[in-house]
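Source file: query39.cif. Holds: mmCIF, C-alpha atoms.
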data_model
loop_
_atom_site.label_atom_id
_atom_site.label_comp_id
_atom_site.auth_asym_id
_atom_site.auth_seq_id
_atom_site.Cartn_x
_atom_site.Cartn_y
_atom_site.Cartn_z
CA MET A 9 -23.68 -22.60 -13.62
CA ALA A 10 -23.84 -21.21 -17.14
CA LEU A 11 -20.19 -20.20 -17.62
CA SER A 12 -17.34 -22.51 -18.54
CA GLU A 13 -14.20 -22.80 -16.44
CA HIS A 14 -12.40 -20.85 -19.17
CA ASP A 15 -14.95 -18.02 -18.98
CA ILE A 16 -14.63 -17.88 -15.19
CA SER A 17 -10.83 -17.88 -15.26
CA THR A 18 -10.72 -15.22 -17.99
CA ALA A 19 -13.17 -12.97 -16.16
CA ALA A 20 -11.15 -13.24 -12.95
CA GLY A 21 -7.96 -12.34 -14.82
CA ARG A 22 -9.63 -9.32 -16.39
CA LEU A 23 -10.84 -8.09 -12.99
CA HIS A 24 -7.33 -8.46 -11.62
CA HIS A 25 -5.89 -6.49 -14.52
CA ALA A 26 -8.58 -3.84 -14.14
CA GLU A 27 -7.64 -3.32 -10.50
CA ASN A 28 -3.94 -3.07 -11.29
CA SER A 29 -4.37 -0.83 -14.34
CA ARG A 30 -7.24 1.20 -12.85
CA VAL A 31 -9.20 0.76 -16.08
CA GLN A 32 -12.70 -0.64 -15.64
CA ILE A 33 -14.01 -3.56 -17.68
CA ARG A 34 -17.43 -3.99 -19.24
CA GLN A 35 -20.20 -5.44 -17.11
CA LEU A 36 -20.00 -9.22 -17.06
CA SER A 37 -23.79 -9.35 -17.11
CA GLN A 38 -23.64 -7.68 -20.54
CA GLU A 39 -21.01 -10.07 -21.87
CA PHE A 40 -22.64 -13.17 -20.37
CA PRO A 41 -26.44 -12.64 -20.33
CA GLY A 42 -26.93 -16.11 -18.87
CA ILE A 43 -24.56 -15.59 -15.92
CA THR A 44 -25.82 -16.91 -12.57
CA ILE A 45 -25.06 -15.99 -8.98
CA ALA A 46 -23.09 -19.25 -8.70
CA ASP A 47 -21.01 -18.14 -11.70
CA ALA A 48 -20.40 -14.75 -10.08
CA TYR A 49 -19.13 -16.29 -6.85
CA ALA A 50 -16.95 -18.67 -8.88
CA ILE A 51 -15.36 -15.66 -10.61
CA GLN A 52 -14.84 -13.95 -7.25
CA LYS A 53 -13.15 -17.08 -5.87
CA ALA A 54 -10.93 -17.39 -8.95
CA TRP A 55 -9.86 -13.76 -8.52
CA ILE A 56 -9.13 -14.25 -4.81
CA ASP A 57 -7.10 -17.33 -5.74
CA ILE A 58 -4.97 -15.14 -8.02
CA LYS A 59 -4.33 -12.77 -5.13
CA LEU A 60 -3.51 -15.60 -2.74
CA ALA A 61 -1.02 -16.96 -5.26
CA GLU A 62 0.65 -13.54 -5.20
CA GLY A 63 1.07 -13.75 -1.43
CA ARG A 64 -2.05 -12.12 -0.05
CA LEU A 65 -3.73 -13.54 3.07
CA ILE A 66 -7.43 -13.85 3.89
CA LYS A 67 -8.26 -11.76 6.95
CA GLY A 68 -12.05 -11.89 6.91
CA HIS A 69 -15.20 -11.22 4.95
CA LYS A 70 -17.55 -8.41 4.02
CA ILE A 71 -21.31 -8.47 3.66
CA GLY A 72 -23.15 -6.12 1.33
CA LEU A 73 -26.64 -5.31 0.13
CA THR A 74 -28.10 -5.81 3.59
CA SER A 75 -30.85 -3.19 3.28
CA LYS A 76 -34.23 -3.94 1.77
CA ALA A 77 -33.95 -0.86 -0.45
CA MET A 78 -30.71 -2.04 -2.05
CA GLN A 79 -31.99 -5.58 -2.45
CA SER A 80 -35.13 -4.32 -4.19
CA ALA A 81 -33.05 -2.11 -6.49
CA LEU A 82 -31.05 -5.15 -7.66
CA ASP A 83 -34.05 -7.52 -7.64
CA ILE A 84 -32.59 -9.92 -5.07
CA ASP A 85 -33.79 -11.19 -1.72
CA GLU A 86 -30.52 -11.73 0.13
CA PRO A 87 -27.20 -9.97 0.77
CA ASP A 88 -23.93 -10.66 -1.04
CA SER A 89 -20.44 -11.20 0.32
CA GLY A 90 -16.76 -10.72 -0.48
CA VAL A 91 -13.34 -11.46 0.99
CA LEU A 92 -11.08 -9.17 3.05
CA LEU A 93 -7.35 -9.52 2.35
CA ASP A 94 -4.39 -8.34 4.40
CA ASP A 95 -3.54 -5.44 2.08
CA MET A 96 -7.04 -3.95 2.41
CA PHE A 97 -6.58 -2.72 6.00
CA PHE A 98 -5.74 0.95 6.57
CA ALA A 99 -4.97 2.75 9.83
CA ASP A 100 -7.58 4.86 11.58
CA GLY A 101 -6.83 8.50 10.85
CA GLY A 102 -4.22 7.46 8.33
CA LEU A 103 -3.60 8.05 4.66
CA VAL A 104 -5.30 6.03 1.95
CA PRO A 105 -3.54 6.21 -1.44
CA SER A 106 -6.28 7.42 -3.77
CA ASP A 107 -4.30 6.41 -6.86
CA ARG A 108 -4.73 2.78 -5.87
CA PHE A 109 -8.45 2.93 -6.64
CA ILE A 110 -10.73 3.76 -9.55
CA ALA A 111 -14.07 5.09 -8.26
CA THR A 112 -13.92 5.22 -4.47
CA ARG A 113 -16.90 5.35 -2.14
CA ILE A 114 -17.17 4.96 1.64
CA GLU A 115 -19.70 3.22 3.88
CA ALA A 116 -20.10 3.15 7.68
CA GLU A 117 -20.44 -0.26 9.28
CA LEU A 118 -19.83 -2.38 12.35
CA ALA A 119 -17.05 -4.94 12.15
CA PHE A 120 -17.18 -8.19 14.11
CA VAL A 121 -13.85 -9.65 15.29
CA MET A 122 -14.27 -13.37 15.86
CA LYS A 123 -13.12 -15.03 19.09
CA HIS A 124 -14.20 -18.59 18.31
CA ARG A 125 -14.67 -20.56 15.10
CA LEU A 126 -18.22 -20.13 13.84
CA SER A 127 -19.74 -22.53 11.36
CA GLY A 128 -23.10 -23.31 9.82
CA PRO A 129 -25.59 -24.49 8.92
CA ASN A 130 -28.25 -23.23 11.32
CA CYS A 131 -26.07 -20.47 12.74
CA THR A 132 -28.18 -17.91 14.63
CA LEU A 133 -27.77 -14.35 15.84
CA PHE A 134 -27.06 -15.72 19.33
CA ASP A 135 -24.32 -18.00 17.99
CA VAL A 136 -22.71 -14.95 16.39
CA LEU A 137 -22.81 -12.92 19.61
CA ASN A 138 -21.32 -15.83 21.58
CA ALA A 139 -18.49 -16.33 19.06
CA THR A 140 -17.57 -12.63 18.72
CA ASP A 141 -14.72 -11.09 20.68
CA PHE A 142 -15.25 -7.42 19.84
CA VAL A 143 -17.46 -5.23 17.69
CA VAL A 144 -15.60 -2.26 16.22
CA PRO A 145 -16.68 0.88 14.34
CA ALA A 146 -15.47 0.72 10.76
CA LEU A 147 -15.36 2.40 7.38
CA GLU A 148 -15.49 0.26 4.26
CA ILE A 149 -13.71 1.53 1.17
CA LEU A 150 -15.61 0.53 -1.95
CA ASP A 151 -14.29 0.45 -5.48
CA THR A 152 -15.63 -0.89 -8.74
CA ARG A 153 -13.48 -2.63 -11.28
CA ILE A 154 -16.58 -3.01 -13.47
CA GLU A 155 -18.37 -0.13 -15.18
CA ARG A 156 -21.37 1.07 -13.19
CA VAL A 157 -23.22 2.03 -16.37
CA ASP A 158 -22.65 0.40 -19.74
CA PRO A 159 -21.76 3.19 -22.22
CA ASN A 160 -23.61 1.48 -25.06
CA THR A 161 -26.77 0.04 -23.51
CA LYS A 162 -26.91 2.42 -20.50
CA ALA A 163 -27.65 -0.65 -18.36
CA THR A 164 -26.58 -0.43 -14.72
CA ARG A 165 -24.59 -3.08 -12.90
CA LYS A 166 -26.42 -6.22 -11.83
CA ILE A 167 -25.93 -8.34 -8.73
CA PHE A 168 -23.76 -10.72 -10.79
CA ASP A 169 -21.32 -7.90 -11.54
CA THR A 170 -21.13 -6.82 -7.92
CA ILE A 171 -20.51 -10.32 -6.57
CA ALA A 172 -17.83 -11.11 -9.17
CA ASP A 173 -16.16 -7.80 -8.28
CA ASN A 174 -15.57 -9.07 -4.72
CA ALA A 175 -18.78 -7.35 -3.61
CA ALA A 176 -17.14 -4.01 -4.57
CA ASN A 177 -14.74 -4.22 -1.63
CA ALA A 178 -11.38 -2.48 -1.73
CA GLY A 179 -10.43 -1.58 1.83
CA ILE A 180 -11.36 -1.26 5.48
CA VAL A 181 -10.54 1.13 8.32
CA LEU A 182 -11.14 0.01 11.91
CA GLY A 183 -11.32 2.59 14.71
CA GLY A 184 -13.35 4.02 17.54
CA ARG A 185 -13.85 2.10 20.78
CA PRO A 186 -14.12 -1.69 20.56
CA LEU A 187 -17.02 -3.08 22.58
CA ARG A 188 -18.10 -6.49 23.69
CA PRO A 189 -21.05 -7.77 21.64
CA LEU A 190 -23.44 -7.85 24.63
CA GLU A 191 -22.33 -4.50 26.03
CA THR A 192 -25.17 -2.67 24.29
CA ASP A 193 -28.03 -3.18 21.85
CA LEU A 194 -26.06 -3.11 18.60
CA ARG A 195 -29.14 -2.11 16.61
CA TRP A 196 -29.09 1.35 18.19
CA ILE A 197 -25.48 2.19 17.41
CA GLY A 198 -25.51 5.08 14.97
CA ALA A 199 -23.00 7.08 12.96
CA LEU A 200 -22.75 10.66 11.71
CA CYS A 201 -20.67 10.58 8.54
CA THR A 202 -18.87 13.65 7.24
CA ARG A 203 -16.74 14.51 4.23
CA ASN A 204 -14.36 17.41 4.83
CA GLY A 205 -16.38 18.44 7.89
CA GLN A 206 -19.73 18.49 6.08
CA LEU A 207 -22.38 16.02 7.26
CA GLU A 208 -23.21 13.65 4.41
CA GLU A 209 -25.07 10.67 5.87
CA THR A 210 -26.47 9.31 9.12
CA GLY A 211 -27.75 5.87 10.00
CA LEU A 212 -28.46 3.21 12.59
CA ALA A 213 -27.03 -0.32 12.61
CA ALA A 214 -30.60 -1.65 12.74
CA GLY A 215 -30.67 -0.88 9.01
CA VAL A 216 -28.61 -4.05 8.57
CA LEU A 217 -31.28 -6.77 8.57
CA ASN A 218 -32.66 -5.30 11.84
CA HIS A 219 -29.49 -6.46 13.64
CA PRO A 220 -25.95 -6.60 12.21
CA ALA A 221 -25.31 -9.99 13.85
CA THR A 222 -28.10 -11.39 11.66
CA ALA A 223 -25.97 -10.55 8.62
CA VAL A 224 -22.99 -12.41 10.11
CA ALA A 225 -25.22 -15.42 10.75
CA TRP A 226 -26.38 -15.28 7.12
CA LEU A 227 -22.78 -15.29 5.90
CA THR A 228 -21.85 -18.19 8.17
CA ASN A 229 -24.68 -20.29 6.78
CA LYS A 230 -23.96 -19.18 3.22
CA ILE A 231 -20.35 -20.38 3.22
CA ALA A 232 -21.01 -23.59 5.18
CA PRO A 233 -21.88 -25.74 2.11
CA HIS A 234 -18.39 -24.94 0.76
CA GLY A 235 -16.75 -26.29 3.91
CA LEU A 236 -15.89 -22.80 5.13
CA ALA A 237 -16.40 -21.11 8.49
CA LEU A 238 -15.51 -17.87 10.23
CA GLU A 239 -12.17 -18.38 11.96
CA PRO A 240 -10.80 -16.86 15.20
CA GLY A 241 -9.33 -13.42 14.60
CA GLN A 242 -11.13 -12.88 11.31
CA VAL A 243 -12.91 -9.58 10.75
CA VAL A 244 -16.42 -9.51 9.32
CA LEU A 245 -17.91 -6.28 7.98
CA ALA A 246 -21.60 -6.72 8.72
CA GLY A 247 -22.98 -4.30 6.12
CA SER A 248 -23.49 -0.58 5.69
CA PHE A 249 -26.26 1.43 7.32
CA ILE A 250 -25.67 4.55 5.22
CA ARG A 251 -25.71 5.28 1.51
CA PRO A 252 -22.23 5.28 -0.04
CA ILE A 253 -20.31 8.57 0.13
CA GLU A 254 -18.16 9.50 -2.85
CA ALA A 255 -14.51 10.00 -1.87
CA ARG A 256 -12.00 11.86 -4.00
CA LYS A 257 -8.32 12.72 -3.62
CA GLY A 258 -7.95 15.26 -0.83
CA ASP A 259 -11.10 14.19 1.02
CA THR A 260 -11.23 13.39 4.72
CA ILE A 261 -14.00 10.99 5.67
CA GLN A 262 -15.03 10.58 9.30
CA ALA A 263 -17.76 8.54 10.98
CA ASP A 264 -18.71 9.65 14.50
CA TYR A 265 -20.17 6.74 16.47
CA GLY A 266 -20.91 8.86 19.56
CA PRO A 267 -19.91 6.99 22.75
CA TYR A 268 -18.12 4.39 20.62
CA GLY A 269 -15.65 6.87 19.14
CA THR A 270 -14.76 7.98 15.63
CA VAL A 271 -13.07 6.36 12.65
CA SER A 272 -11.58 8.35 9.79
CA CYS A 273 -9.23 8.35 6.85
CA TYR A 274 -7.68 10.83 4.42
CA PHE A 275 -7.43 10.14 0.70
CA ALA A 276 -3.95 11.31 -0.26
#
Take the structure from the file and write it as structure tokens.
Amino acid sequence: MALSEHDISTAAGRLHHAENSRVQIRQLSQEFPGITIADAYAIQKAWIDIKLAEGRLIKGHKIGLTSKAMQSALDIDEPDSGVLLDDMFFADGGLVPSDRFIATRIEAELAFVMKHRLSGPNCTLFDVLNATDFVVPALEILDTRIERVDPNTKATRKIFDTIADNAANAGIVLGGRPLRPLETDLRWIGALCTRNGQLEETGLAAGVLNHPATAVAWLTNKIAPHGLALEPGQVVLAGSFIRPIEARKGDTIQADYGPYGTVSCYFA
């Protein structure tokens, strides 16, 4: 790790203030050119610790950057992850307060609801399927508390910025028809995603590391060295299989998962 404990604590505090004030901060990769992935996760943890101290509860995890295209764009060879908190969950078909966010985007994903504790190392796709209670259609609400493009250098965000920013997570909507993990081949579950009735994106869950359960296995092994595991009842967003859709105030976003139902939200 290249950053001091003071740097990590300060960065976490700035992210927290940025979320509350809805004013983005400069890219941490610009301020700390030597920042490492370990530093970025340390900042994320320090920020989550601030939220927990305020009374929030951990309800699960999210996995991002699961497609080869996105990994190549950020020059990495593995996904990233963030934490889901209790105040990030919104009702299917319900209202999402747009003034809570800064630059909102939406992704379509499958969410895994854990039945049994799942720990690494050496967790496999089959371990994930055996430990999962339900798989549920989901929308992930993304936000960025860090500038996407630096106004001075024109540099775009790096993986360090995304990880520190809780993997850009801001919310989650669960909906559709829950299914048992072995009920169908999860790779072939697809979604038609619309904004205000206009089709914006389509995709198949196979776009997530060829099988979304593979992403959950990756996360389980990733957090194992820190003494962490996926706990019963936790929700894990396995990763998007569409490009992000911009969402503005007044927009209705819906993902149609065919036989597995729809999930939607309205940005009020």
### Query
Counting all atoms listed in the file, which of A:Pro159, A:Gly68, A:Gly183, A:Gly241 gets nearest to A:Ala263?
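Closest to A:Ala263 of all the choices is A:Gly183.
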### Query
Just so the selection is clear, what residues does the PyMOL selection byres ((chain A and resi 181) around 7) cover here, as number ranges by chain?
A: 97-100, 146-148, 180, 182-183
### Task
Identify all residues satisfying the PyMOL selection byres ((chain A and resi 127) around 6) in the given file; provide them as a ChimeraX atom specification.
/A:126,128,228,237
### Task
Tell me which of A:Ala26, A:Cys131, A:Ala223, A:Leu190 sits closest to A:Asp151, counting only C-alpha atoms.
A:Ala26
### Query
Which of these, A:Ala50, A:Val144, A:Met96, A:Leu73, has the shortest distance to A:His234 once you count all atoms listed in the file?
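Smallest distance to A:His234 is found for A:Ala50.
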### Task
Would you mind reading off the distance between atom CA of A:Thr44 and atom CA of A:Ser75, one decimal, in Å?
21.6 Å
### atom CA of A:Asn177 to atom CA of A:Ile250, distance in Å rounded to a single decimal
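If I compute the distance from atom CA of A:Asn177 to atom CA of A:Ile250, I get 15.6 Å.
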### Task
Considering all atoms listed in the file, state which residue in the set A:Pro252, A:Ala276, A:Ser17, A:Gln38 is at the smallest distance from A:Lys162.
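Smallest separation from A:Lys162 among the options: A:Gln38.
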### Query
atom CA of A:Pro41 and atom CA of A:Gln79 are how many Å apart?
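Those two atoms sit 20.0 Å apart.
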#### Entry: Surrounding residues of A:Ile58 excluding itself and chain neighbours under 3 positions, 8 Å, only C-alpha atoms, as a ChimeraX atom specification
/A:21,24,54-55,61-62
